[in-house]
$ cat model_1.csv   # CSV, C-alpha atoms
chain,number,residue,atom,x,y,z
A,28,MET,CA,132.5,-104.0,23.2
A,29,THR,CA,129.1,-103.8,24.9
A,30,ASN,CA,127.2,-100.6,25.4
A,31,GLN,CA,127.7,-101.0,29.1
A,32,GLN,CA,131.4,-101.2,28.7
A,33,LEU,CA,131.3,-98.1,26.4
A,34,ILE,CA,129.4,-96.2,29.1
A,35,GLU,CA,132.0,-97.1,31.7
A,36,GLN,CA,134.7,-95.8,29.3
A,37,LEU,CA,132.9,-92.6,28.2
A,38,GLN,CA,131.7,-91.8,31.7
A,39,GLN,CA,135.3,-90.8,32.6
A,40,TYR,CA,135.1,-87.8,30.2
A,41,VAL,CA,132.1,-86.1,31.8
A,42,ARG,CA,131.7,-84.5,35.2
A,43,PRO,CA,129.9,-86.7,37.8
A,44,GLU,CA,127.0,-84.2,38.0
A,45,ARG,CA,126.6,-84.2,34.3
A,46,TYR,CA,126.4,-88.0,34.2
A,47,ALA,CA,123.9,-87.9,37.1
A,48,LEU,CA,121.8,-85.5,35.0
A,49,LEU,CA,121.9,-87.8,32.0
A,50,GLN,CA,120.9,-90.8,34.1
A,51,ASN,CA,118.0,-88.8,35.6
A,52,LYS,CA,116.6,-87.7,32.2
A,53,LEU,CA,117.1,-91.2,30.8
A,54,SER,CA,115.0,-92.7,33.6
A,55,GLN,CA,112.1,-90.5,32.4
A,56,ARG,CA,112.4,-91.3,28.7
A,57,THR,CA,109.7,-93.4,27.1
A,58,ARG,CA,109.0,-95.4,23.9
A,59,HIS,CA,105.4,-96.1,24.9
A,60,ILE,CA,104.5,-93.1,22.8
A,61,CYS,CA,106.2,-92.0,19.6
A,62,VAL,CA,105.4,-89.2,17.1
A,63,VAL,CA,105.2,-89.5,13.3
A,64,LEU,CA,105.3,-86.5,11.0
A,65,GLU,CA,103.9,-87.2,7.6
A,66,ASN,CA,105.1,-84.9,4.8
A,67,VAL,CA,105.4,-81.8,7.0
A,68,HIS,CA,106.8,-78.9,4.9
A,69,HIS,CA,107.9,-76.2,7.2
A,70,GLU,CA,111.1,-76.7,9.1
A,71,GLN,CA,109.8,-74.4,11.9
A,72,ASN,CA,107.0,-76.9,12.6
A,73,ILE,CA,109.3,-79.9,12.5
A,74,SER,CA,111.7,-78.2,14.9
A,75,ALA,CA,108.9,-77.2,17.3
A,76,VAL,CA,107.6,-80.8,17.4
A,77,MET,CA,111.1,-82.1,18.0
A,78,ARG,CA,111.4,-79.7,20.9
A,79,THR,CA,108.1,-80.8,22.3
A,80,CYS,CA,109.1,-84.5,22.1
A,81,GLU,CA,112.3,-83.8,23.9
A,82,CYS,CA,110.7,-81.7,26.7
A,83,PHE,CA,108.1,-84.4,27.4
A,84,GLY,CA,110.6,-87.3,27.3
A,85,ILE,CA,109.3,-88.9,24.0
A,86,GLN,CA,112.4,-90.6,22.6
A,87,ASP,CA,111.4,-91.4,19.0
A,88,LEU,CA,110.4,-89.1,16.2
A,89,HIS,CA,109.6,-90.6,12.8
A,90,ILE,CA,109.7,-88.2,9.8
A,91,ILE,CA,108.1,-89.3,6.5
A,92,GLU,CA,109.4,-87.3,3.6
A,93,ASN,CA,107.3,-88.1,0.6
A,94,THR,CA,107.8,-85.0,-1.4
A,95,ASN,CA,110.8,-83.1,0.1
A,96,LYS,CA,113.7,-83.7,2.4
A,97,GLN,CA,113.4,-81.6,5.6
A,98,SER,CA,115.9,-79.6,7.6
A,99,LEU,CA,115.8,-78.3,11.1
A,100,HIS,CA,115.4,-74.8,12.5
A,101,PRO,CA,118.2,-74.4,15.1
A,102,THR,CA,116.7,-71.4,16.8
A,103,ILE,CA,113.5,-73.3,17.5
A,104,ASP,CA,114.6,-76.8,18.3
A,105,ARG,CA,117.4,-75.6,20.6
A,106,GLY,CA,119.5,-78.7,20.1
A,107,ALA,CA,116.7,-81.1,20.9
A,108,ASP,CA,117.6,-83.3,18.0
A,109,LYS,CA,120.8,-84.6,19.6
A,110,TRP,CA,118.8,-86.1,22.5
A,111,LEU,CA,116.2,-87.9,20.3
A,112,THR,CA,116.2,-90.9,18.1
A,113,ILE,CA,115.1,-89.6,14.7
A,114,THR,CA,114.2,-92.0,11.9
A,115,ARG,CA,113.6,-90.6,8.4
A,116,TYR,CA,111.7,-92.3,5.6
A,117,ASN,CA,112.5,-91.0,2.1
A,118,ALA,CA,113.9,-93.8,0.1
A,119,THR,CA,110.8,-95.4,-1.5
A,120,ASN,CA,107.8,-94.4,-3.5
A,121,ASN,CA,105.5,-95.0,-0.5
A,122,ASN,CA,107.5,-93.9,2.5
A,123,THR,CA,104.3,-93.8,4.6
A,124,ALA,CA,103.7,-97.5,4.1
A,125,GLU,CA,107.3,-98.3,5.0
A,126,CYS,CA,107.0,-96.2,8.2
A,127,ILE,CA,103.7,-97.8,9.3
A,128,SER,CA,105.0,-101.3,8.6
A,129,HIS,CA,108.2,-100.6,10.6
A,130,LEU,CA,106.1,-99.3,13.6
A,131,ARG,CA,103.7,-102.2,13.5
A,132,GLN,CA,106.7,-104.6,13.7
A,133,GLN,CA,107.7,-102.8,16.9
A,134,GLY,CA,104.3,-103.3,18.4
A,135,TYR,CA,102.8,-99.8,17.9
A,136,ARG,CA,99.2,-98.9,17.4
A,137,ILE,CA,98.8,-96.4,14.5
A,138,VAL,CA,96.8,-93.5,15.8
A,139,ALA,CA,95.7,-91.0,13.2
A,140,THR,CA,94.9,-87.4,14.2
A,141,THR,CA,92.0,-85.5,12.6
A,142,PRO,CA,90.0,-82.5,13.8
A,143,HIS,CA,86.6,-84.0,12.9
A,144,PRO,CA,84.6,-85.4,15.9
A,145,ALA,CA,82.9,-88.8,15.6
A,146,GLU,CA,79.4,-87.4,14.8
A,147,GLN,CA,80.6,-85.3,11.9
A,148,ASN,CA,81.2,-86.5,8.3
A,149,VAL,CA,84.7,-85.9,7.1
A,150,PRO,CA,84.5,-83.5,4.1
A,151,PRO,CA,85.2,-85.2,0.7
A,152,GLN,CA,87.5,-82.4,-0.5
A,153,PRO,CA,91.2,-81.8,0.3
A,154,GLY,CA,91.8,-80.3,3.6
A,155,PHE,CA,93.0,-81.4,7.0
A,156,GLY,CA,92.4,-85.1,6.9
A,157,ALA,CA,92.8,-85.4,3.1
A,158,SER,CA,90.0,-87.1,0.9
A,159,PHE,CA,88.1,-89.8,2.8
A,160,THR,CA,85.9,-92.2,0.9
A,161,GLN,CA,83.6,-92.5,3.9
A,162,PRO,CA,83.1,-91.0,7.3
A,163,GLN,CA,85.7,-92.2,9.8
A,164,ARG,CA,85.2,-92.6,13.5
A,165,THR,CA,87.3,-90.3,15.7
A,166,ASP,CA,87.5,-90.0,19.4
A,167,SER,CA,88.3,-87.2,21.7
A,168,LEU,CA,91.9,-87.1,22.9
A,169,TYR,CA,90.5,-87.1,26.4
A,170,ASN,CA,88.8,-90.5,25.9
A,171,PHE,CA,91.9,-92.2,24.3
A,172,ASP,CA,93.0,-95.2,26.3
A,173,ILE,CA,96.8,-95.0,26.6
A,174,SER,CA,96.9,-98.2,28.7
A,175,GLN,CA,96.1,-100.4,25.6
A,176,GLY,CA,99.7,-100.5,24.5
A,177,LYS,CA,102.3,-98.5,22.6
A,178,CYS,CA,101.0,-95.9,20.3
A,179,ALA,CA,102.4,-93.9,17.3
A,180,ILE,CA,100.7,-90.6,16.9
A,181,VAL,CA,100.6,-89.6,13.2
A,182,ILE,CA,100.5,-85.8,12.5
A,183,GLY,CA,99.8,-84.8,8.9
A,184,SER,CA,101.1,-81.9,6.7
A,185,GLU,CA,100.1,-78.3,7.2
A,186,ARG,CA,97.7,-78.1,4.3
A,187,MET,CA,96.5,-81.6,3.6
A,188,GLY,CA,96.8,-83.3,6.9
A,189,ILE,CA,97.2,-87.1,7.1
A,190,SER,CA,97.1,-89.0,3.9
A,191,LYS,CA,94.3,-91.4,3.0
A,192,TYR,CA,96.8,-94.3,3.4
A,193,VAL,CA,97.1,-93.4,7.1
A,194,VAL,CA,93.4,-93.1,7.5
A,195,ASP,CA,92.8,-96.5,5.9
A,196,ASN,CA,95.5,-98.2,7.9
A,197,ALA,CA,95.1,-96.6,11.3
A,198,ASP,CA,94.1,-98.6,14.4
A,199,ASP,CA,92.5,-95.6,16.1
A,200,TYR,CA,91.7,-91.9,15.6
A,201,ILE,CA,91.9,-89.0,17.9
A,202,THR,CA,90.9,-85.3,17.8
A,203,VAL,CA,91.6,-82.4,20.0
A,204,PRO,CA,88.2,-80.9,21.0
A,205,MET,CA,87.9,-77.2,20.0
A,206,TYR,CA,85.2,-74.7,20.8
A,207,GLY,CA,86.0,-71.7,18.6
A,208,PHE,CA,85.2,-71.0,14.9
A,209,THR,CA,88.7,-72.0,13.6
A,210,GLU,CA,88.7,-75.6,12.5
A,211,SER,CA,92.2,-76.7,13.3
A,212,LEU,CA,95.3,-75.9,15.3
A,213,ASN,CA,98.8,-75.4,14.0
A,214,LEU,CA,100.2,-78.9,13.8
A,215,SER,CA,103.0,-78.1,16.3
A,216,ALA,CA,100.5,-76.8,18.8
A,217,CYS,CA,98.3,-79.8,18.2
A,218,THR,CA,101.2,-82.1,18.8
A,219,ALA,CA,102.1,-80.4,22.0
A,220,ILE,CA,98.6,-80.7,23.4
A,221,ILE,CA,98.4,-84.4,22.5
A,222,ILE,CA,101.8,-85.3,23.9
A,223,ALA,CA,101.3,-83.3,27.1
A,224,HIS,CA,98.0,-85.1,27.8
A,225,LEU,CA,99.2,-88.6,26.9
A,226,ARG,CA,102.4,-88.2,28.9
A,227,ALA,CA,100.5,-87.1,31.9
A,228,GLN,CA,98.2,-90.2,31.5
A,229,LEU,CA,101.2,-92.5,31.7
A,230,THR,CA,102.0,-91.2,35.1
A,231,GLN,CA,98.5,-90.9,36.4
A,232,GLN,CA,97.6,-94.5,35.4
A,233,ASN,CA,100.9,-95.9,36.7
A,234,ILE,CA,101.7,-97.4,33.3
A,235,SER,CA,105.2,-98.8,33.0
A,236,PHE,CA,106.7,-96.6,30.4
A,237,GLU,CA,110.4,-96.9,31.0
A,238,LEU,CA,113.0,-98.0,28.5
A,239,SER,CA,114.5,-101.5,28.6
A,240,THR,CA,118.0,-101.8,29.9
A,241,ALA,CA,119.3,-102.4,26.4
A,242,GLU,CA,117.5,-99.4,25.0
A,243,ALA,CA,118.7,-97.2,27.9
A,244,ASP,CA,122.3,-98.3,27.4
A,245,GLU,CA,122.2,-97.6,23.7
A,246,ILE,CA,120.8,-94.1,24.2
A,247,MET,CA,123.2,-93.3,27.0
A,248,VAL,CA,126.1,-94.1,24.7
A,249,ALA,CA,124.8,-91.6,22.2
A,250,TRP,CA,124.1,-89.0,24.9
A,251,LEU,CA,127.6,-89.3,26.3
A,252,GLN,CA,129.1,-88.8,22.9
A,253,ASN,CA,126.9,-85.7,22.4
A,254,SER,CA,128.2,-84.4,25.8
A,255,ILE,CA,132.0,-85.0,25.1
A,256,ARG,CA,134.2,-82.7,23.0
A,257,ASN,CA,136.1,-84.6,20.3
A,258,ALA,CA,133.9,-87.7,21.0
A,259,ASP,CA,134.8,-89.2,17.6
A,260,LEU,CA,138.5,-89.3,18.5
A,261,ILE,CA,137.8,-90.7,21.9
A,262,MET,CA,135.6,-93.4,20.6
A,263,LYS,CA,138.3,-94.4,18.1
A,264,ARG,CA,140.8,-94.6,20.9
A,265,ILE,CA,138.5,-96.7,23.1
A,266,LEU,CA,137.6,-99.1,20.3
A,267,LYS,CA,141.3,-99.4,19.3
A,268,LYS,CA,142.1,-100.6,22.8
A,269,GLU,CA,139.4,-103.2,22.5
$ encode --input "model_1.csv" --output "structure tokens"
Amino acid sequence: MTNQQLIEQLQQYVRPERYALLQNKLSQRTRHICVVLENVHHEQNISAVMRTCECFGIQDLHIIENTNKQSLHPTIDRGADKWLTITRYNATNNNTAECISHLRQQGYRIVATTPHPAEQNVPPQPGFGASFTQPQRTDSLYNFDISQGKCAIVIGSERMGISKYVVDNADDYITVPMYGFTESLNLSACTAIIIAHLRAQLTQQNISFELSTAEADEIMVAWLQNSIRNADLIMKRILKKE
């Protein structure tokens, strides 16, 4: 059974106004931008980023778990996880490499986030941005060209930031300009600023960011199941008729 046929069957179990709402939100979803969290430790930060992605229509969140498996904070994410496509990487010795390879195959630019502006040398000690062997060029978020293609924004861990592997394999670098004494923002706040700006750029530059028909159908099936009580039983019934 195709996804379109499943949609026709599942649609009967939701109110027309509910289905219209799902269609409206789906039309605003995008995979032009995705977010990658590398080894983030605190569930509050993961849940906050998840909520930000959902609010701004970013469909895909990739979570790299190099040292520990993460859970969610239900009070913070407010159920955002059921509307997103979440991919976790925790099965290999180098989950970061697996994630980057996967995203490249999907046509994404790898964009590393760092607080250091282009004219500054990245410090050679652990900190936000990890240990760099040489200064790395970074650009202001507000100069980043979203029109050059799909981009995966990589956000590093609370203490160490992005890994050296991300730095060495990134296609571009961005920083959020800051004007106070504090060097860096909380990672969830940083993500929210970046996503809000880039999402606005998609609209302002008239970039075609919509999902393909196949992508939209696949997501709609998942959303309908999340909207229907006893969806598992109903799916079994539908597939059995098939």
$ atom_distance --input "model_1.csv" --atom1 "CA of Ala258 in chain A" --atom2 "CA of Ile91 in chain A"
29.6 Å
$ residues_around --input "model_1.csv" --residues "range 53-60 of chain A" --least-positions-apart "3" --cutoff "8 Å" --atoms "only C-alpha atoms" --output "PyMOL selection string"
chain A and resi 49-50+84-87+176-180+236-238+243+247
$ atom_distance --input "model_1.csv" --atom1 "CA of Gln232 in chain A" --atom2 "CA of Gln175 in chain A"
11.5 Å
$ closest_residue --input "model_1.csv" --among "A:Gln39, A:Asn93, A:Thr209, A:Ser235" --to "Arg115 in chain A" --atoms "only C-alpha atoms"
A:Asn93
$ closest_residue --input "model_1.csv" --among "A:Val193, A:Ala227, A:Ile73, A:Leu130" --to "Asp108 in chain A" --atoms "all atoms listed in the file"
A:Ile73
$ atom_distance --input "model_1.csv" --atom1 "CA of Ile137 in chain A" --atom2 "CA of His68 in chain A"
21.5 Å
$ residues_near_point --input "model_1.csv" --point "(128.9, -98.5, 27.6)" --cutoff "12 Å" --atoms "all atoms listed in the file" --output "NGL selection string"
:A and (28-39 or 240-252 or 262 or 265-266)
$ closest_residue --input "model_1.csv" --among "A:Cys61, A:Ile222, A:Val194, A:Met205" --to "Gly134 in chain A" --atoms "only C-alpha atoms"
A:Cys61
$ closest_residue --input "model_1.csv" --among "A:Arg78, A:His129, A:Lys263, A:Arg256" --to "Thr114 in chain A" --atoms "only C-alpha atoms"
A:His129
$ build_atoms --input "model_1.csv" --residues "range 205-219 of chain A" --atoms "N, CA, C and O atoms" --output "PDB file, in the frame of the given file"
ATOM      1  N   MET A 205      87.753 -78.688  20.162  1.00  0.00           N
ATOM      2  CA  MET A 205      87.900 -77.200  20.000  1.00  0.00           C
ATOM      3  C   MET A 205      86.529 -76.581  20.105  1.00  0.00           C
ATOM      4  O   MET A 205      85.528 -77.197  19.730  1.00  0.00           O
ATOM      5  N   TYR A 206      86.501 -75.339  20.548  1.00  0.00           N
ATOM      6  CA  TYR A 206      85.200 -74.700  20.800  1.00  0.00           C
ATOM      7  C   TYR A 206      85.064 -73.352  20.120  1.00  0.00           C
ATOM      8  O   TYR A 206      84.061 -72.662  20.309  1.00  0.00           O
ATOM      9  N   GLY A 207      86.036 -73.000  19.282  1.00  0.00           N
ATOM     10  CA  GLY A 207      86.000 -71.700  18.600  1.00  0.00           C
ATOM     11  C   GLY A 207      85.543 -71.957  17.115  1.00  0.00           C
ATOM     12  O   GLY A 207      85.162 -73.055  16.705  1.00  0.00           O
ATOM     13  N   PHE A 208      85.643 -70.885  16.311  1.00  0.00           N
ATOM     14  CA  PHE A 208      85.200 -71.000  14.900  1.00  0.00           C
ATOM     15  C   PHE A 208      86.321 -71.598  14.029  1.00  0.00           C
ATOM     16  O   PHE A 208      86.007 -72.190  13.005  1.00  0.00           O
ATOM     17  N   THR A 209      87.581 -71.469  14.432  1.00  0.00           N
ATOM     18  CA  THR A 209      88.700 -72.000  13.600  1.00  0.00           C
ATOM     19  C   THR A 209      88.694 -73.506  13.677  1.00  0.00           C
ATOM     20  O   THR A 209      88.629 -74.096  14.747  1.00  0.00           O
ATOM     21  N   GLU A 210      88.821 -74.153  12.512  1.00  0.00           N
ATOM     22  CA  GLU A 210      88.700 -75.600  12.500  1.00  0.00           C
ATOM     23  C   GLU A 210      89.823 -76.369  13.046  1.00  0.00           C
ATOM     24  O   GLU A 210      89.637 -77.420  13.647  1.00  0.00           O
ATOM     25  N   SER A 211      91.041 -75.878  12.875  1.00  0.00           N
ATOM     26  CA  SER A 211      92.200 -76.700  13.300  1.00  0.00           C
ATOM     27  C   SER A 211      93.284 -75.838  13.890  1.00  0.00           C
ATOM     28  O   SER A 211      93.416 -74.652  13.593  1.00  0.00           O
ATOM     29  N   LEU A 212      94.100 -76.484  14.723  1.00  0.00           N
ATOM     30  CA  LEU A 212      95.300 -75.900  15.300  1.00  0.00           C
ATOM     31  C   LEU A 212      96.466 -75.989  14.404  1.00  0.00           C
ATOM     32  O   LEU A 212      96.514 -76.863  13.544  1.00  0.00           O
ATOM     33  N   ASN A 213      97.461 -75.130  14.618  1.00  0.00           N
ATOM     34  CA  ASN A 213      98.800 -75.400  14.000  1.00  0.00           C
ATOM     35  C   ASN A 213      99.243 -76.724  14.424  1.00  0.00           C
ATOM     36  O   ASN A 213      99.044 -77.148  15.557  1.00  0.00           O
ATOM     37  N   LEU A 214      99.888 -77.458  13.509  1.00  0.00           N
ATOM     38  CA  LEU A 214     100.200 -78.900  13.800  1.00  0.00           C
ATOM     39  C   LEU A 214     101.192 -78.995  14.985  1.00  0.00           C
ATOM     40  O   LEU A 214     101.124 -79.968  15.739  1.00  0.00           O
ATOM     41  N   SER A 215     102.092 -78.025  15.179  1.00  0.00           N
ATOM     42  CA  SER A 215     103.000 -78.100  16.300  1.00  0.00           C
ATOM     43  C   SER A 215     102.273 -77.889  17.632  1.00  0.00           C
ATOM     44  O   SER A 215     102.574 -78.530  18.640  1.00  0.00           O
ATOM     45  N   ALA A 216     101.285 -76.984  17.613  1.00  0.00           N
ATOM     46  CA  ALA A 216     100.500 -76.800  18.800  1.00  0.00           C
ATOM     47  C   ALA A 216      99.629 -77.988  19.119  1.00  0.00           C
ATOM     48  O   ALA A 216      99.495 -78.402  20.279  1.00  0.00           O
ATOM     49  N   CYS A 217      99.060 -78.588  18.071  1.00  0.00           N
ATOM     50  CA  CYS A 217      98.300 -79.800  18.200  1.00  0.00           C
ATOM     51  C   CYS A 217      99.089 -80.924  18.827  1.00  0.00           C
ATOM     52  O   CYS A 217      98.657 -81.614  19.760  1.00  0.00           O
ATOM     53  N   THR A 218     100.298 -81.089  18.312  1.00  0.00           N
ATOM     54  CA  THR A 218     101.200 -82.100  18.800  1.00  0.00           C
ATOM     55  C   THR A 218     101.504 -81.922  20.290  1.00  0.00           C
ATOM     56  O   THR A 218     101.509 -82.864  21.085  1.00  0.00           O
ATOM     57  N   ALA A 219     101.778 -80.674  20.656  1.00  0.00           N
ATOM     58  CA  ALA A 219     102.100 -80.400  22.000  1.00  0.00           C
ATOM     59  C   ALA A 219     100.969 -80.706  22.985  1.00  0.00           C
ATOM     60  O   ALA A 219     101.177 -81.282  24.070  1.00  0.00           O
TER      61      ALA A 219
END
